[in-house]
Amino acid sequence: MKCIYCGCEDSKVIDSRSADEGRTIRRRRECVKCGKRFTTYETIEDTPVLVVKANGTRQAFDAGKIKNGVVKACEKRPVSIARIDELVDGITKRVYNSMEQEISSKAIGEMVMDALKDLDEVAYVRYASVYRSFTDISSFMTELQKMMATKKA
């Protein structure tokens, strides 16, 4: 690691600590030439995942968008933010663990709906009503009937 003071490429590590909830390593270094100390950070390089929208456009995956949608669906429901964070983290891990560089927004929406179905049924129906663009009460009832049939089985 190059010293920021003298440019020497030799340094020794004095101290290493985990930072950013284990996603980063903070290293305190000392230059062997000038003796000055400096800090470096080692982080995991994320492979960018692009979300392919229904209209064919692509944008970077953003877990914040998932969280916003789930928070909206869980509004006034007995669902803690910690449970919502777990749900979003689980989906985020599934997206990155798929090792795909592109994923459809439809696939992400289905993951969210599957997770919400287990978390809170009312939040699931709220999310589904927006995600599936329910236009009238009959489409709403069809979804509820599917849900009731799966629950009985």
# chains A, B, ... in the order shown; residues from 1 in each chain; ligands from 1

call {"tool": "residues_around", "arguments": {"residues": "region 16-26 of chain A", "least_positions_apart": "6", "cutoff": "9 Å", "atoms": "only C-alpha atoms", "output": "count of residues only"}}
result
6

call {"tool": "residues_around", "arguments": {"residues": "Arg37 (chain A)", "least_positions_apart": "6", "cutoff": "10 Å", "atoms": "only C-alpha atoms", "output": "list in words"}}
result
Cys3, Ile4, Tyr5, Ser11, Lys12, Val13, Ile14, Arg28, Arg29, Glu30 and Cys31 of chain A

call {"tool": "write_last_selection", "arguments": {"atoms": "N, CA and C atoms", "output": "JSON list (two decimals), in the first residue's frame"}}
result
[["chain", "number", "residue", "atom", "x", "y", "z"],
["A", 3, "CYS", "N", 2.24, 4.85, 0.67],
["A", 3, "CYS", "CA", 2.15, 5.84, 1.74],
["A", 3, "CYS", "C", 1.61, 7.15, 1.16],
["A", 4, "ILE", "N", 0.65, 7.75, 1.85],
["A", 4, "ILE", "CA", 0.06, 8.99, 1.34],
["A", 4, "ILE", "C", 0.96, 10.20, 1.61],
["A", 5, "TYR", "N", 1.99, 10.03, 2.45],
["A", 5, "TYR", "CA", 2.88, 11.14, 2.79],
["A", 5, "TYR", "C", 4.13, 11.19, 1.92],
["A", 11, "SER", "N", 4.67, -0.69, 3.59],
["A", 11, "SER", "CA", 4.08, -0.31, 4.87],
["A", 11, "SER", "C", 3.80, -1.58, 5.64],
["A", 12, "LYS", "N", 3.66, -1.43, 6.95],
["A", 12, "LYS", "CA", 3.31, -2.59, 7.75],
["A", 12, "LYS", "C", 1.98, -2.31, 8.46],
["A", 13, "VAL", "N", 1.22, -3.39, 8.64],
["A", 13, "VAL", "CA", -0.07, -3.26, 9.29],
["A", 13, "VAL", "C", 0.14, -3.26, 10.80],
["A", 14, "ILE", "N", -0.37, -2.22, 11.45],
["A", 14, "ILE", "CA", -0.26, -2.07, 12.90],
["A", 14, "ILE", "C", -1.47, -2.71, 13.59],
["A", 28, "ARG", "N", -4.86, -0.10, 10.11],
["A", 28, "ARG", "CA", -3.98, 1.01, 10.49],
["A", 28, "ARG", "C", -2.59, 0.59, 10.04],
["A", 29, "ARG", "N", -1.96, 1.42, 9.22],
["A", 29, "ARG", "CA", -0.65, 1.09, 8.64],
["A", 29, "ARG", "C", 0.41, 2.10, 9.05],
["A", 30, "GLU", "N", 1.67, 1.65, 8.98],
["A", 30, "GLU", "CA", 2.81, 2.54, 9.25],
["A", 30, "GLU", "C", 3.79, 2.39, 8.10],
["A", 31, "CYS", "N", 4.20, 3.52, 7.53],
["A", 31, "CYS", "CA", 5.16, 3.52, 6.43],
["A", 31, "CYS", "C", 6.54, 3.13, 6.97]]

call {"tool": "select_by_dssp", "arguments": {"residues": "region 51-147 of chain A", "states": "alpha helix (DSSP H)", "output": "NGL selection string"}}
result
:A and (63-73 or 81-97 or 105-119 or 121-131 or 137-147)

call {"tool": "atom_distance", "arguments": {"atom1": "CA of Tyr96 (chain A)", "atom2": "CA of Ala73 (chain A)"}}
result
23.9 Å

call {"tool": "residues_around", "arguments": {"residues": "Leu116 (chain A)", "least_positions_apart": "5", "cutoff": "10 Å", "atoms": "only C-alpha atoms", "output": "list in words"}}
result
Val70, Ala73, Cys74, Ile84, Leu87, Glu110, Met111, Glu121, Val122, Ala123, Tyr124, Val125, Arg126, Tyr127 and Ala128 of chain A

call {"tool": "write_last_selection", "arguments": {"atoms": "C-alpha atoms", "output": "PDB file, in the first residue's frame"}}
result
ATOM      1  CA  VAL A  70     -42.866  -3.296   1.785  1.00  0.00           C
ATOM      2  CA  ALA A  73     -47.750  -2.451   2.316  1.00  0.00           C
ATOM      3  CA  CYS A  74     -47.179  -3.007   6.048  1.00  0.00           C
ATOM      4  CA  ILE A  84     -39.134  -5.780   7.226  1.00  0.00           C
ATOM      5  CA  LEU A  87     -37.337  -9.640   4.511  1.00  0.00           C
ATOM      6  CA  GLU A 110     -42.619 -12.380  -7.012  1.00  0.00           C
ATOM      7  CA  MET A 111     -39.901 -12.775  -4.353  1.00  0.00           C
ATOM      8  CA  GLU A 121     -51.427 -11.648   4.713  1.00  0.00           C
ATOM      9  CA  VAL A 122     -52.975  -8.172   4.655  1.00  0.00           C
ATOM     10  CA  ALA A 123     -49.650  -6.626   3.608  1.00  0.00           C
ATOM     11  CA  TYR A 124     -49.391  -9.320   0.925  1.00  0.00           C
ATOM     12  CA  VAL A 125     -52.811  -8.408  -0.511  1.00  0.00           C
ATOM     13  CA  ARG A 126     -51.969  -4.692  -0.408  1.00  0.00           C
ATOM     14  CA  TYR A 127     -48.697  -5.276  -2.244  1.00  0.00           C
ATOM     15  CA  ALA A 128     -50.334  -7.632  -4.736  1.00  0.00           C
TER      16      ALA A 128
END

call {"tool": "closest_residue", "arguments": {"among": "A:Arg132, A:Asn55, A:Asp120, A:Lys151", "to": "Lys76 (chain A)", "atoms": "only C-alpha atoms"}}
result
A:Asp120

call {"tool": "closest_residue", "arguments": {"among": "A:Ile91, A:Ile81, A:Ile66, A:Leu50", "to": "Tyr131 (chain A)", "atoms": "only C-alpha atoms"}}
result
A:Ile66

call {"tool": "residues_around", "arguments": {"residues": "Thr92 (chain A)", "least_positions_apart": "5", "cutoff": "9 Å", "atoms": "only C-alpha atoms", "output": "ChimeraX atom specification"}}
result
/A:61-63,87,97

call {"tool": "atom_distance", "arguments": {"atom1": "CA of Asp136 (chain A)", "atom2": "CA of Asp118 (chain A)"}}
result
24.9 Å

call {"tool": "atom_distance", "arguments": {"atom1": "CA of Val71 (chain A)", "atom2": "CA of Asp89 (chain A)"}}
result
13.7 Å

call {"tool": "closest_residue", "arguments": {"among": "A:Val130, A:Val95, A:Met1, A:Cys8", "to": "Gly35 (chain A)", "atoms": "only C-alpha atoms"}}
result
A:Cys8

call {"tool": "select_by_dssp", "arguments": {"residues": "chain A", "states": "strand (DSSP E or B)", "output": "PDB file with C-alpha atoms, in the first residue's frame"}}
result
ATOM      1  CA  SER A  11       4.084  -0.308   4.866  1.00  0.00           C
ATOM      2  CA  LYS A  12       3.313  -2.589   7.755  1.00  0.00           C
ATOM      3  CA  VAL A  13      -0.068  -3.265   9.288  1.00  0.00           C
ATOM      4  CA  ILE A  14      -0.258  -2.074  12.904  1.00  0.00           C
ATOM      5  CA  ASP A  15      -3.904  -2.945  13.606  1.00  0.00           C
ATOM      6  CA  SER A  16      -6.859  -4.556  11.749  1.00  0.00           C
ATOM      7  CA  ARG A  17     -10.487  -4.243  12.747  1.00  0.00           C
ATOM      8  CA  SER A  18     -13.821  -5.183  11.292  1.00  0.00           C
ATOM      9  CA  ALA A  19     -16.012  -2.241  10.312  1.00  0.00           C
ATOM     10  CA  THR A  24     -15.183  -3.803   5.649  1.00  0.00           C
ATOM     11  CA  ILE A  25     -11.773  -4.267   7.238  1.00  0.00           C
ATOM     12  CA  ARG A  26     -10.104  -1.154   8.630  1.00  0.00           C
ATOM     13  CA  ARG A  27      -6.313  -1.369   8.677  1.00  0.00           C
ATOM     14  CA  ARG A  28      -3.980   1.009  10.490  1.00  0.00           C
ATOM     15  CA  ARG A  29      -0.647   1.089   8.644  1.00  0.00           C
ATOM     16  CA  GLU A  30       2.806   2.537   9.245  1.00  0.00           C
ATOM     17  CA  CYS A  31       5.162   3.524   6.433  1.00  0.00           C
ATOM     18  CA  ARG A  37       0.679   6.247  10.029  1.00  0.00           C
ATOM     19  CA  PHE A  38      -2.415   6.103   7.824  1.00  0.00           C
ATOM     20  CA  THR A  39      -5.648   4.138   7.568  1.00  0.00           C
ATOM     21  CA  THR A  40      -6.890   1.981   4.696  1.00  0.00           C
ATOM     22  CA  TYR A  41     -10.175   0.172   4.186  1.00  0.00           C
ATOM     23  CA  GLU A  42     -10.688  -3.138   2.432  1.00  0.00           C
ATOM     24  CA  THR A  43     -14.204  -3.791   1.154  1.00  0.00           C
ATOM     25  CA  LEU A  50     -29.266  -4.628 -13.231  1.00  0.00           C
ATOM     26  CA  VAL A  51     -33.037  -4.854 -12.971  1.00  0.00           C
ATOM     27  CA  VAL A  52     -34.783  -5.304 -16.308  1.00  0.00           C
ATOM     28  CA  ARG A  58     -32.446  -1.378 -17.118  1.00  0.00           C
ATOM     29  CA  GLN A  59     -31.483   0.210 -13.839  1.00  0.00           C
ATOM     30  CA  ALA A  60     -29.228  -0.690 -10.934  1.00  0.00           C
ATOM     31  CA  GLU A 102     -29.549  -9.023 -14.750  1.00  0.00           C
ATOM     32  CA  ILE A 103     -32.840  -9.907 -13.086  1.00  0.00           C
ATOM     33  CA  SER A 104     -36.355  -9.010 -14.128  1.00  0.00           C
TER      34      SER A 104
END

call {"tool": "closest_residue", "arguments": {"among": "A:Pro48, A:Lys117, A:Asp85, A:Cys6", "to": "Lys146 (chain A)", "atoms": "only C-alpha atoms"}}
result
A:Lys117

call {"tool": "closest_residue", "arguments": {"among": "A:Thr150, A:Glu45, A:Lys33, A:Thr142", "to": "Gly7 (chain A)", "atoms": "only C-alpha atoms"}}
result
A:Lys33

call {"tool": "decode", "arguments": {"residues": "region 38-107 of chain A", "atoms": "C-alpha atoms", "output": "short mmCIF file (atom, residue, chain, number, x, y, z; two decimals), in the first residue's frame"}}
result
data_model
loop_
_atom_site.label_atom_id
_atom_site.label_comp_id
_atom_site.auth_asym_id
_atom_site.auth_seq_id
_atom_site.Cartn_x
_atom_site.Cartn_y
_atom_site.Cartn_z
CA PHE A 38 -2.41 6.10 7.82
CA THR A 39 -5.65 4.14 7.57
CA THR A 40 -6.89 1.98 4.70
CA TYR A 41 -10.18 0.17 4.19
CA GLU A 42 -10.69 -3.14 2.43
CA THR A 43 -14.20 -3.79 1.15
CA ILE A 44 -15.97 -6.45 -0.86
CA GLU A 45 -16.39 -5.49 -4.48
CA ASP A 46 -20.04 -5.73 -5.41
CA THR A 47 -20.92 -7.04 -8.84
CA PRO A 48 -23.59 -4.66 -10.09
CA VAL A 49 -26.95 -6.28 -10.74
CA LEU A 50 -29.27 -4.63 -13.23
CA VAL A 51 -33.04 -4.85 -12.97
CA VAL A 52 -34.78 -5.30 -16.31
CA LYS A 53 -38.08 -3.43 -16.17
CA ALA A 54 -41.24 -4.51 -18.02
CA ASN A 55 -40.61 -1.90 -20.74
CA GLY A 56 -37.09 -3.26 -21.35
CA THR A 57 -35.15 -0.49 -19.62
CA ARG A 58 -32.45 -1.38 -17.12
CA GLN A 59 -31.48 0.21 -13.84
CA ALA A 60 -29.23 -0.69 -10.93
CA PHE A 61 -30.73 -2.95 -8.26
CA ASP A 62 -31.80 -0.87 -5.27
CA ALA A 63 -32.88 -2.66 -2.10
CA GLY A 64 -34.25 0.66 -0.84
CA LYS A 65 -37.03 0.50 -3.41
CA ILE A 66 -38.06 -2.92 -2.13
CA LYS A 67 -38.03 -1.65 1.45
CA ASN A 68 -40.17 1.37 0.56
CA GLY A 69 -42.77 -0.85 -1.11
CA VAL A 70 -42.87 -3.30 1.79
CA VAL A 71 -43.09 -0.50 4.37
CA LYS A 72 -46.03 0.95 2.46
CA ALA A 73 -47.75 -2.45 2.32
CA CYS A 74 -47.18 -3.01 6.05
CA GLU A 75 -48.46 0.42 7.08
CA LYS A 76 -50.68 0.20 10.19
CA ARG A 77 -49.93 -3.53 10.49
CA PRO A 78 -48.23 -5.23 13.47
CA VAL A 79 -44.99 -5.75 11.54
CA SER A 80 -41.77 -4.40 13.05
CA ILE A 81 -39.16 -2.61 10.97
CA ALA A 82 -36.70 -5.32 12.03
CA ARG A 83 -38.87 -7.97 10.32
CA ILE A 84 -39.13 -5.78 7.23
CA ASP A 85 -35.34 -5.40 7.19
CA GLU A 86 -34.97 -9.20 7.46
CA LEU A 87 -37.34 -9.64 4.51
CA VAL A 88 -35.45 -7.08 2.39
CA ASP A 89 -32.06 -8.55 3.37
CA GLY A 90 -33.27 -12.03 2.41
CA ILE A 91 -34.42 -10.85 -1.02
CA THR A 92 -31.21 -8.88 -1.54
CA LYS A 93 -29.14 -11.97 -0.72
CA ARG A 94 -31.21 -14.06 -3.13
CA VAL A 95 -30.68 -11.51 -5.90
CA TYR A 96 -26.89 -11.35 -5.38
CA ASN A 97 -26.51 -15.10 -4.74
CA SER A 98 -28.21 -15.85 -8.04
CA MET A 99 -24.91 -14.76 -9.66
CA GLU A 100 -26.93 -13.22 -12.50
CA GLN A 101 -25.96 -9.76 -13.71
CA GLU A 102 -29.55 -9.02 -14.75
CA ILE A 103 -32.84 -9.91 -13.09
CA SER A 104 -36.35 -9.01 -14.13
CA SER A 105 -38.45 -6.70 -12.00
CA LYS A 106 -41.15 -9.36 -12.25
CA ALA A 107 -38.90 -11.94 -10.53
#
